[in-house]
>>> print(open('my_file.csv').read())   # CSV, N, CA and C atoms
chain,number,residue,atom,x,y,z
A,1,VAL,N,93.1,4.9,-28.2
A,1,VAL,CA,91.7,4.7,-27.9
A,1,VAL,C,91.6,3.7,-26.7
A,2,GLY,N,91.9,2.4,-26.8
A,2,GLY,CA,92.0,1.5,-25.7
A,2,GLY,C,90.6,0.9,-25.3
A,3,THR,N,90.7,-0.2,-24.5
A,3,THR,CA,89.5,-0.8,-24.1
A,3,THR,C,88.9,-0.2,-22.8
A,4,ILE,N,89.8,0.3,-22.0
A,4,ILE,CA,89.3,1.1,-20.8
A,4,ILE,C,90.0,2.4,-20.7
A,5,ARG,N,89.3,3.4,-20.2
A,5,ARG,CA,89.8,4.7,-19.9
A,5,ARG,C,89.1,5.2,-18.7
A,6,ASN,N,89.5,6.3,-18.2
A,6,ASN,CA,88.9,6.8,-17.0
A,6,ASN,C,87.4,6.9,-17.1
A,7,GLY,N,86.6,6.1,-16.4
A,7,GLY,CA,85.2,6.1,-16.5
A,7,GLY,C,84.6,5.5,-17.8
A,8,PHE,N,85.3,4.7,-18.5
A,8,PHE,CA,84.9,4.2,-19.8
A,8,PHE,C,85.3,2.7,-20.0
A,9,ILE,N,84.4,1.9,-20.6
A,9,ILE,CA,84.8,0.6,-21.0
A,9,ILE,C,84.3,0.4,-22.4
A,10,SER,N,85.1,-0.1,-23.3
A,10,SER,CA,84.7,-0.1,-24.7
A,10,SER,C,83.6,-1.2,-24.9
A,11,SER,N,82.7,-0.9,-25.9
A,11,SER,CA,81.6,-1.8,-26.2
A,11,SER,C,82.2,-3.2,-26.7
A,12,ALA,N,83.3,-3.1,-27.4
A,12,ALA,CA,84.0,-4.4,-27.9
A,12,ALA,C,84.4,-5.3,-26.7
A,13,LEU,N,84.9,-4.7,-25.7
A,13,LEU,CA,85.3,-5.5,-24.5
A,13,LEU,C,84.0,-6.1,-23.8
A,14,LEU,N,83.0,-5.2,-23.7
A,14,LEU,CA,81.8,-5.7,-23.1
A,14,LEU,C,81.1,-6.8,-23.9
A,15,ALA,N,81.1,-6.7,-25.2
A,15,ALA,CA,80.5,-7.7,-26.1
A,15,ALA,C,81.3,-9.0,-25.9
A,16,THR,N,82.6,-8.9,-25.9
A,16,THR,CA,83.5,-10.1,-25.7
A,16,THR,C,83.2,-10.9,-24.4
A,17,ILE,N,83.1,-10.1,-23.3
A,17,ILE,CA,82.8,-10.8,-22.0
A,17,ILE,C,81.4,-11.3,-22.0
A,18,ARG,N,80.4,-10.7,-22.6
A,18,ARG,CA,79.1,-11.2,-22.7
A,18,ARG,C,79.0,-12.6,-23.4
A,19,VAL,N,79.8,-12.6,-24.5
A,19,VAL,CA,79.8,-13.9,-25.3
A,19,VAL,C,80.5,-15.0,-24.5
A,20,ILE,N,81.6,-14.6,-23.8
A,20,ILE,CA,82.3,-15.6,-23.0
A,20,ILE,C,81.4,-16.1,-21.8
A,21,GLN,N,80.6,-15.3,-21.3
A,21,GLN,CA,79.8,-15.6,-20.1
A,21,GLN,C,78.4,-16.3,-20.5
A,22,ALA,N,78.2,-16.3,-21.8
A,22,ALA,CA,76.9,-16.9,-22.3
A,22,ALA,C,76.8,-18.4,-22.0
A,23,ILE,N,75.7,-18.9,-21.6
A,23,ILE,CA,75.5,-20.3,-21.4
A,23,ILE,C,74.7,-20.8,-22.6
A,24,GLU,N,74.5,-22.1,-22.6
A,24,GLU,CA,73.9,-22.8,-23.8
A,24,GLU,C,72.5,-22.2,-24.2
A,25,ASP,N,71.7,-22.0,-23.2
A,25,ASP,CA,70.3,-21.4,-23.4
A,25,ASP,C,70.4,-20.0,-24.0
A,26,GLU,N,71.4,-19.3,-23.8
A,26,GLU,CA,71.5,-17.9,-24.3
A,26,GLU,C,72.1,-17.8,-25.7
A,27,MET,N,72.6,-18.9,-26.2
A,27,MET,CA,73.3,-18.8,-27.5
A,27,MET,C,72.4,-18.3,-28.6
A,28,LYS,N,71.1,-18.5,-28.5
A,28,LYS,CA,70.2,-18.1,-29.6
A,28,LYS,C,70.1,-16.6,-29.6
A,29,ASP,N,70.5,-15.9,-28.5
A,29,ASP,CA,70.4,-14.4,-28.5
A,29,ASP,C,71.8,-13.8,-28.5
A,30,ILE,N,72.8,-14.5,-28.9
A,30,ILE,CA,74.2,-14.1,-28.7
A,30,ILE,C,74.5,-12.8,-29.5
A,31,GLU,N,73.7,-12.6,-30.6
A,31,GLU,CA,74.0,-11.4,-31.5
A,31,GLU,C,73.6,-10.1,-30.7
A,32,LYS,N,72.8,-10.2,-29.6
A,32,LYS,CA,72.5,-9.0,-28.8
A,32,LYS,C,73.8,-8.4,-28.2
A,33,ALA,N,74.7,-9.3,-27.9
A,33,ALA,CA,76.0,-8.8,-27.3
A,33,ALA,C,76.7,-7.8,-28.1
A,34,PHE,N,76.6,-7.9,-29.5
A,34,PHE,CA,77.2,-7.0,-30.4
A,34,PHE,C,76.5,-5.7,-30.6
A,35,LYS,N,75.2,-5.6,-30.1
A,35,LYS,CA,74.4,-4.4,-30.2
A,35,LYS,C,74.3,-3.7,-28.9
A,36,GLY,N,75.1,-4.2,-27.9
A,36,GLY,CA,75.0,-3.6,-26.6
A,36,GLY,C,73.8,-3.9,-25.8
A,37,GLU,N,73.1,-5.0,-26.2
A,37,GLU,CA,71.9,-5.4,-25.6
A,37,GLU,C,72.2,-6.5,-24.6
A,38,MET,N,71.3,-6.6,-23.6
A,38,MET,CA,71.4,-7.7,-22.6
A,38,MET,C,71.0,-9.0,-23.3
A,39,ILE,N,71.8,-10.0,-23.2
A,39,ILE,CA,71.4,-11.3,-23.6
A,39,ILE,C,70.4,-11.8,-22.6
A,40,SER,N,70.7,-11.6,-21.4
A,40,SER,CA,69.8,-12.0,-20.3
A,40,SER,C,70.3,-11.2,-19.0
A,41,ILE,N,69.5,-11.1,-18.0
A,41,ILE,CA,69.9,-10.5,-16.8
A,41,ILE,C,71.1,-11.3,-16.2
A,42,ARG,N,70.9,-12.6,-16.2
A,42,ARG,CA,72.0,-13.5,-15.7
A,42,ARG,C,73.3,-13.2,-16.4
A,43,ASN,N,73.3,-13.1,-17.7
A,43,ASN,CA,74.5,-12.9,-18.5
A,43,ASN,C,75.1,-11.6,-18.2
A,44,GLU,N,74.3,-10.6,-18.1
A,44,GLU,CA,74.8,-9.2,-17.8
A,44,GLU,C,75.4,-9.1,-16.4
A,45,LYS,N,74.8,-9.8,-15.4
A,45,LYS,CA,75.4,-9.8,-14.1
A,45,LYS,C,76.7,-10.6,-14.1
A,46,ALA,N,76.7,-11.7,-14.9
A,46,ALA,CA,78.0,-12.5,-15.0
A,46,ALA,C,79.1,-11.7,-15.7
A,47,THR,N,78.7,-10.9,-16.7
A,47,THR,CA,79.6,-10.0,-17.4
A,47,THR,C,80.2,-9.0,-16.4
A,48,TYR,N,79.4,-8.3,-15.7
A,48,TYR,CA,79.9,-7.3,-14.8
A,48,TYR,C,80.7,-7.9,-13.6
A,49,THR,N,80.3,-9.0,-13.2
A,49,THR,CA,81.0,-9.7,-12.1
A,49,THR,C,82.4,-10.1,-12.6
A,50,SER,N,82.4,-10.7,-13.7
A,50,SER,CA,83.7,-11.1,-14.3
A,50,SER,C,84.6,-9.9,-14.5
A,51,LEU,N,84.1,-8.9,-15.1
A,51,LEU,CA,84.9,-7.7,-15.3
A,51,LEU,C,85.4,-7.1,-13.9
A,52,ARG,N,84.5,-7.1,-13.0
A,52,ARG,CA,84.8,-6.5,-11.6
A,52,ARG,C,85.9,-7.4,-11.0
A,53,ASN,N,85.8,-8.7,-11.1
A,53,ASN,CA,86.9,-9.6,-10.5
A,53,ASN,C,88.2,-9.3,-11.2
A,54,LEU,N,88.2,-9.1,-12.5
A,54,LEU,CA,89.4,-8.9,-13.3
A,54,LEU,C,90.1,-7.6,-12.8
A,55,LEU,N,89.2,-6.5,-12.7
A,55,LEU,CA,89.8,-5.2,-12.3
A,55,LEU,C,90.4,-5.3,-10.9
A,56,ILE,N,89.7,-6.0,-10.0
A,56,ILE,CA,90.2,-6.1,-8.6
A,56,ILE,C,91.6,-6.8,-8.6
A,57,SER,N,91.6,-7.9,-9.4
A,57,SER,CA,92.9,-8.7,-9.4
A,57,SER,C,94.0,-7.9,-10.0
A,58,ARG,N,93.7,-7.1,-11.0
A,58,ARG,CA,94.8,-6.2,-11.7
A,58,ARG,C,95.2,-5.1,-10.7
A,59,MET,N,94.3,-4.7,-9.8
A,59,MET,CA,94.7,-3.6,-8.9
A,59,MET,C,95.7,-4.0,-7.9
A,60,ASN,N,95.8,-5.3,-7.6
A,60,ASN,CA,96.7,-5.9,-6.7
A,60,ASN,C,96.6,-5.1,-5.4
A,61,PRO,N,95.5,-5.1,-4.7
A,61,PRO,CA,95.2,-4.3,-3.5
A,61,PRO,C,96.2,-4.5,-2.4
A,62,GLU,N,96.8,-5.7,-2.3
A,62,GLU,CA,97.7,-6.0,-1.2
A,62,GLU,C,99.0,-5.2,-1.3
A,63,LYS,N,99.4,-4.8,-2.5
A,63,LYS,CA,100.6,-4.1,-2.7
A,63,LYS,C,100.4,-2.6,-2.9
A,64,ALA,N,99.1,-2.2,-3.1
A,64,ALA,CA,98.8,-0.8,-3.4
A,64,ALA,C,99.4,0.2,-2.3
A,65,GLU,N,99.1,0.0,-1.1
A,65,GLU,CA,99.6,0.9,0.0
A,65,GLU,C,101.1,0.9,0.0
A,66,ASP,N,101.7,-0.2,-0.1
A,66,ASP,CA,103.2,-0.3,-0.1
A,66,ASP,C,103.8,0.5,-1.2
A,67,ASP,N,103.2,0.4,-2.4
A,67,ASP,CA,103.7,1.2,-3.6
A,67,ASP,C,103.5,2.7,-3.3
A,68,ARG,N,102.4,3.1,-2.8
A,68,ARG,CA,102.1,4.5,-2.5
A,68,ARG,C,103.2,5.1,-1.5
A,69,LEU,N,103.4,4.3,-0.5
A,69,LEU,CA,104.4,4.7,0.6
A,69,LEU,C,105.8,4.8,0.0
A,70,LYS,N,106.2,3.8,-0.8
A,70,LYS,CA,107.5,3.8,-1.4
A,70,LYS,C,107.6,5.0,-2.3
A,71,LEU,N,106.6,5.3,-3.1
A,71,LEU,CA,106.6,6.5,-4.0
A,71,LEU,C,106.7,7.7,-3.2
A,72,GLY,N,106.0,7.9,-2.1
A,72,GLY,CA,106.0,9.0,-1.3
A,72,GLY,C,107.4,9.2,-0.7
A,73,GLU,N,108.1,8.2,-0.3
A,73,GLU,CA,109.4,8.2,0.2
A,73,GLU,C,110.4,8.7,-0.8
A,74,MET,N,110.2,8.2,-2.0
A,74,MET,CA,111.1,8.6,-3.1
A,74,MET,C,110.9,10.1,-3.5
A,75,LEU,N,109.7,10.5,-3.5
A,75,LEU,CA,109.4,12.0,-3.8
A,75,LEU,C,110.0,12.9,-2.7
A,76,LEU,N,110.0,12.4,-1.5
A,76,LEU,CA,110.5,13.2,-0.4
A,76,LEU,C,112.1,13.2,-0.4
A,77,SER,N,112.7,12.2,-1.0
A,77,SER,CA,114.1,12.1,-1.0
A,77,SER,C,114.7,12.7,-2.3
A,78,ASP,N,113.9,13.4,-3.1
A,78,ASP,CA,114.3,14.1,-4.3
A,78,ASP,C,115.0,13.1,-5.3
A,79,VAL,N,114.4,11.9,-5.4
A,79,VAL,CA,114.9,10.9,-6.4
A,79,VAL,C,114.7,11.5,-7.8
A,80,SER,N,115.6,11.1,-8.7
A,80,SER,CA,115.5,11.6,-10.1
A,80,SER,C,114.2,11.0,-10.7
A,81,THR,N,113.6,11.8,-11.5
A,81,THR,CA,112.3,11.3,-12.2
A,81,THR,C,112.7,10.3,-13.3
A,82,SER,N,113.9,10.1,-13.6
A,82,SER,CA,114.3,9.1,-14.6
A,82,SER,C,114.7,7.8,-13.9
A,83,ASP,N,114.6,7.7,-12.6
A,83,ASP,CA,114.9,6.5,-11.9
A,83,ASP,C,113.8,5.5,-12.3
A,84,ARG,N,114.3,4.2,-12.6
A,84,ARG,CA,113.4,3.2,-13.1
A,84,ARG,C,112.3,2.8,-12.1
A,85,LEU,N,112.7,2.6,-10.8
A,85,LEU,CA,111.7,2.3,-9.8
A,85,LEU,C,110.7,3.4,-9.6
A,86,TYR,N,111.1,4.6,-9.6
A,86,TYR,CA,110.2,5.7,-9.5
A,86,TYR,C,109.2,5.7,-10.6
A,87,CYS,N,109.7,5.5,-11.9
A,87,CYS,CA,108.8,5.5,-13.0
A,87,CYS,C,107.8,4.4,-13.0
A,88,ALA,N,108.3,3.2,-12.5
A,88,ALA,CA,107.4,2.0,-12.4
A,88,ALA,C,106.3,2.3,-11.4
A,89,LEU,N,106.7,2.9,-10.2
A,89,LEU,CA,105.7,3.1,-9.2
A,89,LEU,C,104.7,4.2,-9.6
A,90,VAL,N,105.1,5.2,-10.4
A,90,VAL,CA,104.2,6.2,-10.9
A,90,VAL,C,103.2,5.5,-11.8
A,91,ILE,N,103.7,4.6,-12.7
A,91,ILE,CA,102.8,3.9,-13.6
A,91,ILE,C,101.8,3.0,-12.9
A,92,LYS,N,102.3,2.3,-11.9
A,92,LYS,CA,101.5,1.4,-11.1
A,92,LYS,C,100.4,2.1,-10.3
A,93,VAL,N,100.7,3.3,-9.7
A,93,VAL,CA,99.8,4.1,-9.0
A,93,VAL,C,98.7,4.6,-9.9
A,94,GLU,N,99.2,5.2,-11.0
A,94,GLU,CA,98.2,5.7,-12.0
A,94,GLU,C,97.3,4.6,-12.6
A,95,GLU,N,97.9,3.5,-12.9
A,95,GLU,CA,97.1,2.4,-13.4
A,95,GLU,C,96.0,2.0,-12.4
A,96,ARG,N,96.3,1.9,-11.1
A,96,ARG,CA,95.4,1.6,-10.1
A,96,ARG,C,94.2,2.6,-10.0
A,97,GLU,N,94.6,3.9,-10.2
A,97,GLU,CA,93.6,4.9,-10.2
A,97,GLU,C,92.6,4.7,-11.4
A,98,LEU,N,93.2,4.4,-12.5
A,98,LEU,CA,92.3,4.1,-13.7
A,98,LEU,C,91.4,3.0,-13.4
A,99,LEU,N,92.0,1.9,-12.9
A,99,LEU,CA,91.2,0.7,-12.7
A,99,LEU,C,90.1,0.9,-11.6
A,100,GLN,N,90.5,1.8,-10.6
A,100,GLN,CA,89.5,2.1,-9.6
A,100,GLN,C,88.3,2.9,-10.2
A,101,SER,N,88.6,3.8,-11.1
A,101,SER,CA,87.5,4.6,-11.8
A,101,SER,C,86.6,3.6,-12.6
A,102,VAL,N,87.2,2.7,-13.3
A,102,VAL,CA,86.4,1.7,-14.0
A,102,VAL,C,85.6,0.8,-13.1
A,103,LEU,N,86.2,0.4,-12.0
A,103,LEU,CA,85.5,-0.5,-11.0
A,103,LEU,C,84.3,0.3,-10.5
A,104,GLU,N,84.4,1.5,-10.2
A,104,GLU,CA,83.3,2.3,-9.7
A,104,GLU,C,82.2,2.3,-10.7
A,105,LEU,N,82.5,2.5,-12.0
A,105,LEU,CA,81.6,2.5,-13.1
A,105,LEU,C,80.8,1.1,-13.1
A,106,VAL,N,81.6,0.0,-13.1
A,106,VAL,CA,81.0,-1.3,-13.1
A,106,VAL,C,80.1,-1.5,-11.9
A,107,ASN,N,80.5,-1.0,-10.7
A,107,ASN,CA,79.6,-1.1,-9.6
A,107,ASN,C,78.3,-0.4,-9.7
A,108,GLN,N,78.4,0.8,-10.4
A,108,GLN,CA,77.2,1.6,-10.6
A,108,GLN,C,76.3,0.8,-11.6
A,109,TRP,N,76.8,0.2,-12.6
A,109,TRP,CA,76.0,-0.6,-13.5
A,109,TRP,C,75.4,-1.8,-12.8
A,110,MET,N,76.1,-2.4,-12.0
A,110,MET,CA,75.5,-3.6,-11.2
A,110,MET,C,74.4,-3.1,-10.4
A,111,GLU,N,74.5,-2.0,-9.7
A,111,GLU,CA,73.4,-1.5,-8.9
A,111,GLU,C,72.2,-1.1,-9.7
A,112,SER,N,72.4,-0.5,-10.9
A,112,SER,CA,71.3,-0.2,-11.8
A,112,SER,C,70.7,-1.4,-12.3
A,113,LEU,N,71.4,-2.4,-12.7
A,113,LEU,CA,70.9,-3.7,-13.2
A,113,LEU,C,70.0,-4.3,-12.1
A,114,ASP,N,70.5,-4.3,-10.9
A,114,ASP,CA,69.7,-4.9,-9.8
A,114,ASP,C,68.4,-4.2,-9.6
A,115,SER,N,68.4,-2.9,-9.7
A,115,SER,CA,67.2,-2.1,-9.4
A,115,SER,C,66.3,-2.1,-10.6
A,116,LEU,N,66.8,-2.1,-11.8
A,116,LEU,CA,65.9,-1.9,-13.0
A,116,LEU,C,65.5,-3.2,-13.6
A,117,GLY,N,66.3,-4.3,-13.4
A,117,GLY,CA,66.0,-5.6,-14.0
A,117,GLY,C,65.9,-5.6,-15.5
A,118,ASP,N,64.8,-6.1,-16.1
A,118,ASP,CA,64.7,-6.2,-17.5
A,118,ASP,C,64.7,-4.8,-18.2
A,119,SER,N,64.4,-3.8,-17.5
A,119,SER,CA,64.3,-2.5,-18.2
A,119,SER,C,65.7,-1.8,-18.2
A,120,PHE,N,66.7,-2.4,-17.7
A,120,PHE,CA,68.1,-1.9,-17.7
A,120,PHE,C,68.6,-1.9,-19.1
A,121,LYS,N,69.2,-0.7,-19.5
A,121,LYS,CA,69.8,-0.6,-20.8
A,121,LYS,C,71.3,-0.4,-20.6
A,122,PRO,N,72.1,-1.4,-21.1
A,122,PRO,CA,73.6,-1.3,-20.9
A,122,PRO,C,74.1,0.0,-21.5
A,123,ILE,N,75.1,0.5,-21.0
A,123,ILE,CA,75.7,1.8,-21.5
A,123,ILE,C,76.1,1.7,-23.0
A,124,ASP,N,76.4,0.6,-23.5
A,124,ASP,CA,76.8,0.4,-24.9
A,124,ASP,C,75.6,0.1,-25.8
A,125,PHE,N,74.4,0.1,-25.2
A,125,PHE,CA,73.2,-0.1,-26.0
A,125,PHE,C,73.0,0.9,-27.1
A,126,VAL,N,72.8,0.4,-28.3
A,126,VAL,CA,72.6,1.2,-29.5
A,126,VAL,C,71.2,0.9,-30.1
A,127,GLU,N,70.3,1.9,-30.0
A,127,GLU,CA,69.0,1.7,-30.6
A,127,GLU,C,69.1,1.7,-32.1
A,128,SER,N,68.4,0.7,-32.7
A,128,SER,CA,68.5,0.5,-34.2
A,128,SER,C,68.1,1.7,-34.9
A,129,SER,N,67.3,2.6,-34.4
A,129,SER,CA,66.9,3.8,-35.1
A,129,SER,C,68.0,4.8,-35.2
A,130,LEU,N,69.0,4.7,-34.3
A,130,LEU,CA,70.1,5.6,-34.3
A,130,LEU,C,71.3,5.2,-35.1
A,131,VAL,N,71.3,3.9,-35.5
A,131,VAL,CA,72.4,3.4,-36.3
A,131,VAL,C,72.2,3.5,-37.7
A,132,GLU,N,73.2,4.1,-38.4
A,132,GLU,CA,73.1,4.2,-39.9
A,132,GLU,C,73.4,2.8,-40.5
A,133,LEU,N,72.6,2.4,-41.4
A,133,LEU,CA,72.9,1.2,-42.1
A,133,LEU,C,73.7,1.3,-43.3
>>> encode(input="my_file.csv", output="structure tokens")
Amino acid sequence: VGTIRNGFISSALLATIRVIQAIEDEMKDIEKAFKGEMISIRNEKATYTSLRNLLISRMNPEKAEDDRLKLGEMLLSDVSTSDRLYCALVIKVEERELLQSVLELVNQWMESLDSLGDSFKPIDFVESSLVEL
């Protein structure tokens, strides 16, 4: 299952970041985080900004091009697919692609939040009428 997948972020991860980003004035509404509701616009922006910064740091953009070039060289030299460096580079490149897809999703959410303001519904929002008790 996991907390992130291609174009997906788990509601548990989002709730956790919302709680971490909450300031004192928002604590009275903290339960909203577990329903996929905005605690506040400020909190939602802080949540997405924090997640965005984490994704970018994990992508290690300074090394991305070097890793791609090295992997390309290895593929052209018919290196064994069981070579440890080759396997590590494949994993790093694929992980960056995953992180990039999630980063694009977060950027879309940030744009929607900016344009919709209070009427923005987070992707993990669950209407109470749809939840079985």
>>> closest_residue(input="my_file.csv", among="A:Met38, A:Ala15, A:Ala22, A:Ile9", to="Asp118 of chain A", atoms="only C-alpha atoms")
A:Met38
>>> closest_residue(input="my_file.csv", among="A:Gln100, A:Phe120, A:Ala46, A:Leu85", to="Phe8 of chain A", atoms="only C-alpha atoms")
A:Gln100
>>> closest_atom_pairs(input="my_file.csv", of="segment 40-129 of chain A", to="segment 27-36 of chain A", cutoff="8 Å", atoms="only C-alpha atoms", output="Markdown table")
| residue | atom | partner | partner_atom | distance |
| --- | --- | --- | --- | --- |
| A:Pro122 | CA | A:Gly36 | CA | 6.3 |
| A:Ile123 | CA | A:Gly36 | CA | 7.5 |
| A:Asp124 | CA | A:Gly36 | CA | 4.7 |
| A:Phe125 | CA | A:Gly36 | CA | 4.0 |
| A:Val126 | CA | A:Lys35 | CA | 5.9 |
>>> closest_residue(input="my_file.csv", among="A:Leu51, A:Val102, A:Ile56, A:Met110", to="Arg18 of chain A", atoms="only C-alpha atoms")
A:Leu51
>>> select_by_dssp(input="my_file.csv", residues="chain A", states="alpha helix (DSSP H)", output="ChimeraX atom specification")
/A:11-21,41-59,61-76,84-116
>>> closest_residue(input="my_file.csv", among="A:Leu99, A:Leu89, A:Ile4, A:Ile17", to="Arg58 of chain A", atoms="only N, CA and C atoms")
A:Leu99
>>> closest_residue(input="my_file.csv", among="A:Leu54, A:Ile41, A:Leu71, A:Leu105", to="Val90 of chain A", atoms="all atoms listed in the file")
A:Leu71
>>> atom_distance(input="my_file.csv", atom1="atom CA of Met59 of chain A", atom2="atom CA of Glu104 of chain A")
12.9 Å
>>> atom_distance(input="my_file.csv", atom1="atom CA of Glu94 of chain A", atom2="atom C of Asn6 of chain A")
12.0 Å
>>> atom_distance(input="my_file.csv", atom1="atom CA of Glu24 of chain A", atom2="atom CA of Glu44 of chain A")
14.9 Å
>>> closest_residue(input="my_file.csv", among="A:Asp67, A:Asp25, A:Glu97, A:Glu62", to="Gly7 of chain A", atoms="only C-alpha atoms")
A:Glu97
>>> residues_around(input="my_file.csv", residues="Ala64 of chain A", least_positions_apart="5", cutoff="8 Å", atoms="only N, CA and C atoms", output="PyMOL selection string")
chain A and resi 59+69-70+92-93+96
>>> select_by_dssp(input="my_file.csv", residues="chain A", states="strand (DSSP E)", output="JSON list (two decimals) with N, CA and C atoms, keeping the file's coordinate frame")
[["chain", "number", "residue", "atom", "x", "y", "z"],
["A", 4, "ILE", "N", 89.80, 0.30, -22.00],
["A", 4, "ILE", "CA", 89.30, 1.10, -20.80],
["A", 4, "ILE", "C", 90.00, 2.40, -20.70],
["A", 5, "ARG", "N", 89.30, 3.40, -20.20],
["A", 5, "ARG", "CA", 89.80, 4.70, -19.90],
["A", 5, "ARG", "C", 89.10, 5.20, -18.70],
["A", 8, "PHE", "N", 85.30, 4.70, -18.50],
["A", 8, "PHE", "CA", 84.90, 4.20, -19.80],
["A", 8, "PHE", "C", 85.30, 2.70, -20.00],
["A", 9, "ILE", "N", 84.40, 1.90, -20.60],
["A", 9, "ILE", "CA", 84.80, 0.60, -21.00],
["A", 9, "ILE", "C", 84.30, 0.40, -22.40]]
>>> decode(input="my_file.csv", residues="segment 95-102 of chain A", atoms="all heavy atoms", output="compact mmCIF listing (two decimals), in the first residue's frame")
# COMPACT_ATOMS: atom_id res chain seq x y z
N GLU A 95 12.74 5.99 -8.24
CA GLU A 95 12.25 6.70 -7.07
C GLU A 95 12.05 8.18 -7.39
O GLU A 95 11.04 8.79 -7.01
CB GLU A 95 13.21 6.56 -5.89
CG GLU A 95 12.75 7.34 -4.66
CD GLU A 95 13.73 7.30 -3.51
OE1 GLU A 95 14.95 7.38 -3.73
OE2 GLU A 95 13.25 7.20 -2.37
N ARG A 96 12.99 8.78 -8.13
CA ARG A 96 12.84 10.19 -8.51
C ARG A 96 11.61 10.39 -9.38
O ARG A 96 10.92 11.40 -9.27
CB ARG A 96 14.09 10.68 -9.24
CG ARG A 96 15.20 11.02 -8.30
CD ARG A 96 16.32 11.77 -9.01
NE ARG A 96 17.48 11.80 -8.15
CZ ARG A 96 18.52 10.99 -8.27
NH1 ARG A 96 18.57 10.09 -9.21
NH2 ARG A 96 19.52 11.08 -7.43
N GLU A 97 11.33 9.44 -10.28
CA GLU A 97 10.14 9.55 -11.12
C GLU A 97 8.87 9.50 -10.27
O GLU A 97 7.92 10.26 -10.51
CB GLU A 97 10.14 8.46 -12.18
CG GLU A 97 11.20 8.66 -13.24
CD GLU A 97 11.36 7.49 -14.20
OE1 GLU A 97 10.61 6.49 -14.07
OE2 GLU A 97 12.23 7.57 -15.07
N LEU A 98 8.85 8.63 -9.27
CA LEU A 98 7.72 8.55 -8.35
C LEU A 98 7.57 9.86 -7.59
O LEU A 98 6.47 10.43 -7.52
CB LEU A 98 7.91 7.40 -7.37
CG LEU A 98 6.96 7.36 -6.17
CD1 LEU A 98 5.55 7.06 -6.62
CD2 LEU A 98 7.44 6.35 -5.15
N LEU A 99 8.66 10.35 -7.03
CA LEU A 99 8.62 11.59 -6.27
C LEU A 99 8.18 12.76 -7.16
O LEU A 99 7.44 13.64 -6.72
CB LEU A 99 9.98 11.87 -5.63
CG LEU A 99 10.42 10.87 -4.56
CD1 LEU A 99 11.86 11.14 -4.14
CD2 LEU A 99 9.50 10.88 -3.36
N GLN A 100 8.63 12.76 -8.41
CA GLN A 100 8.24 13.81 -9.35
C GLN A 100 6.73 13.79 -9.60
O GLN A 100 6.08 14.84 -9.64
CB GLN A 100 9.00 13.68 -10.68
CG GLN A 100 8.68 14.76 -11.69
CD GLN A 100 9.08 16.15 -11.22
OE1 GLN A 100 10.13 16.34 -10.64
NE2 GLN A 100 8.22 17.12 -11.47
N SER A 101 6.15 12.60 -9.74
CA SER A 101 4.70 12.51 -9.97
C SER A 101 3.92 13.02 -8.75
O SER A 101 2.90 13.69 -8.89
CB SER A 101 4.27 11.09 -10.33
OG SER A 101 4.14 10.27 -9.19
N VAL A 102 4.43 12.72 -7.56
CA VAL A 102 3.77 13.19 -6.34
C VAL A 102 3.96 14.70 -6.19
O VAL A 102 3.04 15.41 -5.79
CB VAL A 102 4.29 12.41 -5.11
CG1 VAL A 102 3.72 12.98 -3.83
CG2 VAL A 102 3.94 10.93 -5.24
